[in-house]
Amino acid sequence: MPKDMDDFLDFILNELGEGTWVPLYKNLNKEDKSEDGSLYSCLVSPGNTQKAMEGYGWDLLPGSGGPSIVSSGKDNIWYEPNSSEYLPLVIYRDFHGTRKPYREILQELVLYLELYHDTVNHKYVVYDDNGTEIQVVRYSDDEILIRKSFLKAFMSARQMNLLLFFENSRHKVTSERLPDEHVNDPFVSYTRFWDSSYVEGYSTFTRVLGKKLFYCSPRKEEYYSPFDVEKSYESFIIEGDAHDHHLHSCDPSLLADYFGKNKGAPHYLTPVYFDKAVLQKYFGSSSEYEVQDSAIHKHGYWRLRFDNNSPGHVFCFRR
C-alpha cells in the first residue's frame, strides 16, 4: 500500500544527484504551506563517511563551517580554516539583519575549477582549450546547481565524498499516522515519521529526513580534471573529392615527418583544402576571432596559418 511521501523518496533514491546537474542547495517550500523543506550538501572525508551514514540528521547545517579561532585552555589557541570536519559547498552568509543574507559557493571550489562569476546571468562559467564557454554553476534565490562532472573532479582532487542532505515535510488535513520508519542502506540513510502539524489549517505532517552518499574517484588525472585528458583530433580529406576520397586524422602521433617517424603515413605538412566560404565564420565573429593576411587568431587560445592565394580555396597544413 502506498505511503505518504513515497513520491519524494522515489525522487531521492532514483533522481537526486544522478543527472547532469546536482543541487547543492534547493528550497522546497510551497506557497500554500502544504510542504516545507530543503536540500543541502557538503563533502566528508573517507574516515568520517561511515559515521555520517549511521545517522539520519544533517551533519552540517547551513551557515556552519568556515574559518574560526579555536582555544583549549588559556594558552592553547589556534586557527582552523574550517571549524567543522565537514566541508560546506554552499555557505550561508547572515549579517544579523544589517544586510540581506545570501548564499555563496565555496571559494576553494571556484578557484580550483578556475570559474568566472557571471553575476549578471547568475552563473559560474569556465572556458575549454578552444575557448568554448561551459556553464558549471547556475543559481537563483531558491536553488544552486553544479555540473556533476566538475563536482566529481573537485571531489577527486580533494579526496572527499559527497553528502546530499534532504528534508521535506508534507502537511495534511487528515489525522492519519503510521509507525516511524528508519532506513540505513550503504548509499542512503533516512527516517520517515508522522506528527502534529505546526501549520494553521492542517492536522498532521509526514516528514522525510536523511542523506545520500556519493563516493569520490581516485586522485588520478582522468578524474581530477573536468576536461578530457585524451585529446581528440579531426580527420580531413587529404586526397580525392567529395565522393572518392581519403580521410586521415591530424593527430601528430600518426603523421610522418622528416626524421622517419610513421613511415608510409601522410606527412604532417600535407595540405588540406577548404572552400573559401569557411572564412565567413571568422569574419563574422570579430569579437572572438581576428583574421589577418594568411592567419586566423582565436583570441587568447590559438593561431592558424593558411594560404588564401587561390580564388576559390584556402589551404593549411595538418600539424
# chains A, B, ... in the order shown; residues from 1 in each chain; ligands from 1

$ residues_around --residues "Phe150 in chain A" --least-positions-apart "6" --cutoff "10 Å" --atoms "only C-alpha atoms" --output "list in words"
Trp21, Leu109, Leu113, Val136, Val137, Ser156, Tyr223, Tyr224, Ser225, Pro226 and Phe227 of chain A

$ write_last_selection --atoms "C-alpha atoms" --output "short mmCIF file (atom, residue, chain, number, x, y, z; two decimals), in the first residue's frame"
data_model
loop_
_atom_site.label_atom_id
_atom_site.label_comp_id
_atom_site.auth_asym_id
_atom_site.auth_seq_id
_atom_site.Cartn_x
_atom_site.Cartn_y
_atom_site.Cartn_z
CA TRP A 21 23.16 18.82 -12.62
CA LEU A 109 35.92 25.05 -5.44
CA LEU A 113 37.90 24.83 -11.25
CA VAL A 136 29.40 24.98 -14.45
CA VAL A 137 27.18 26.53 -11.75
CA SER A 156 38.67 13.57 -6.68
CA TYR A 223 39.24 12.04 -12.60
CA TYR A 224 40.52 15.28 -11.03
CA SER A 225 40.41 17.12 -14.37
CA PRO A 226 36.90 18.06 -15.53
CA PHE A 227 38.10 18.02 -19.13
#

$ atom_distance --atom1 "CA of His182 in chain A" --atom2 "CA of Tyr56 in chain A"
8.3 Å

$ select_by_dssp --residues "range 79-117 of chain A" --states "alpha helix (DSSP H)" --output "PyMOL selection string"
chain A and resi 107-112

$ residues_around --residues "Lys211 in chain A" --least-positions-apart "2" --cutoff "12 Å" --atoms "only C-alpha atoms" --output "ChimeraX atom specification"
/A:9,12-13,16-17,38-43,49,52-60,162-168,183-191,208-209,213-214
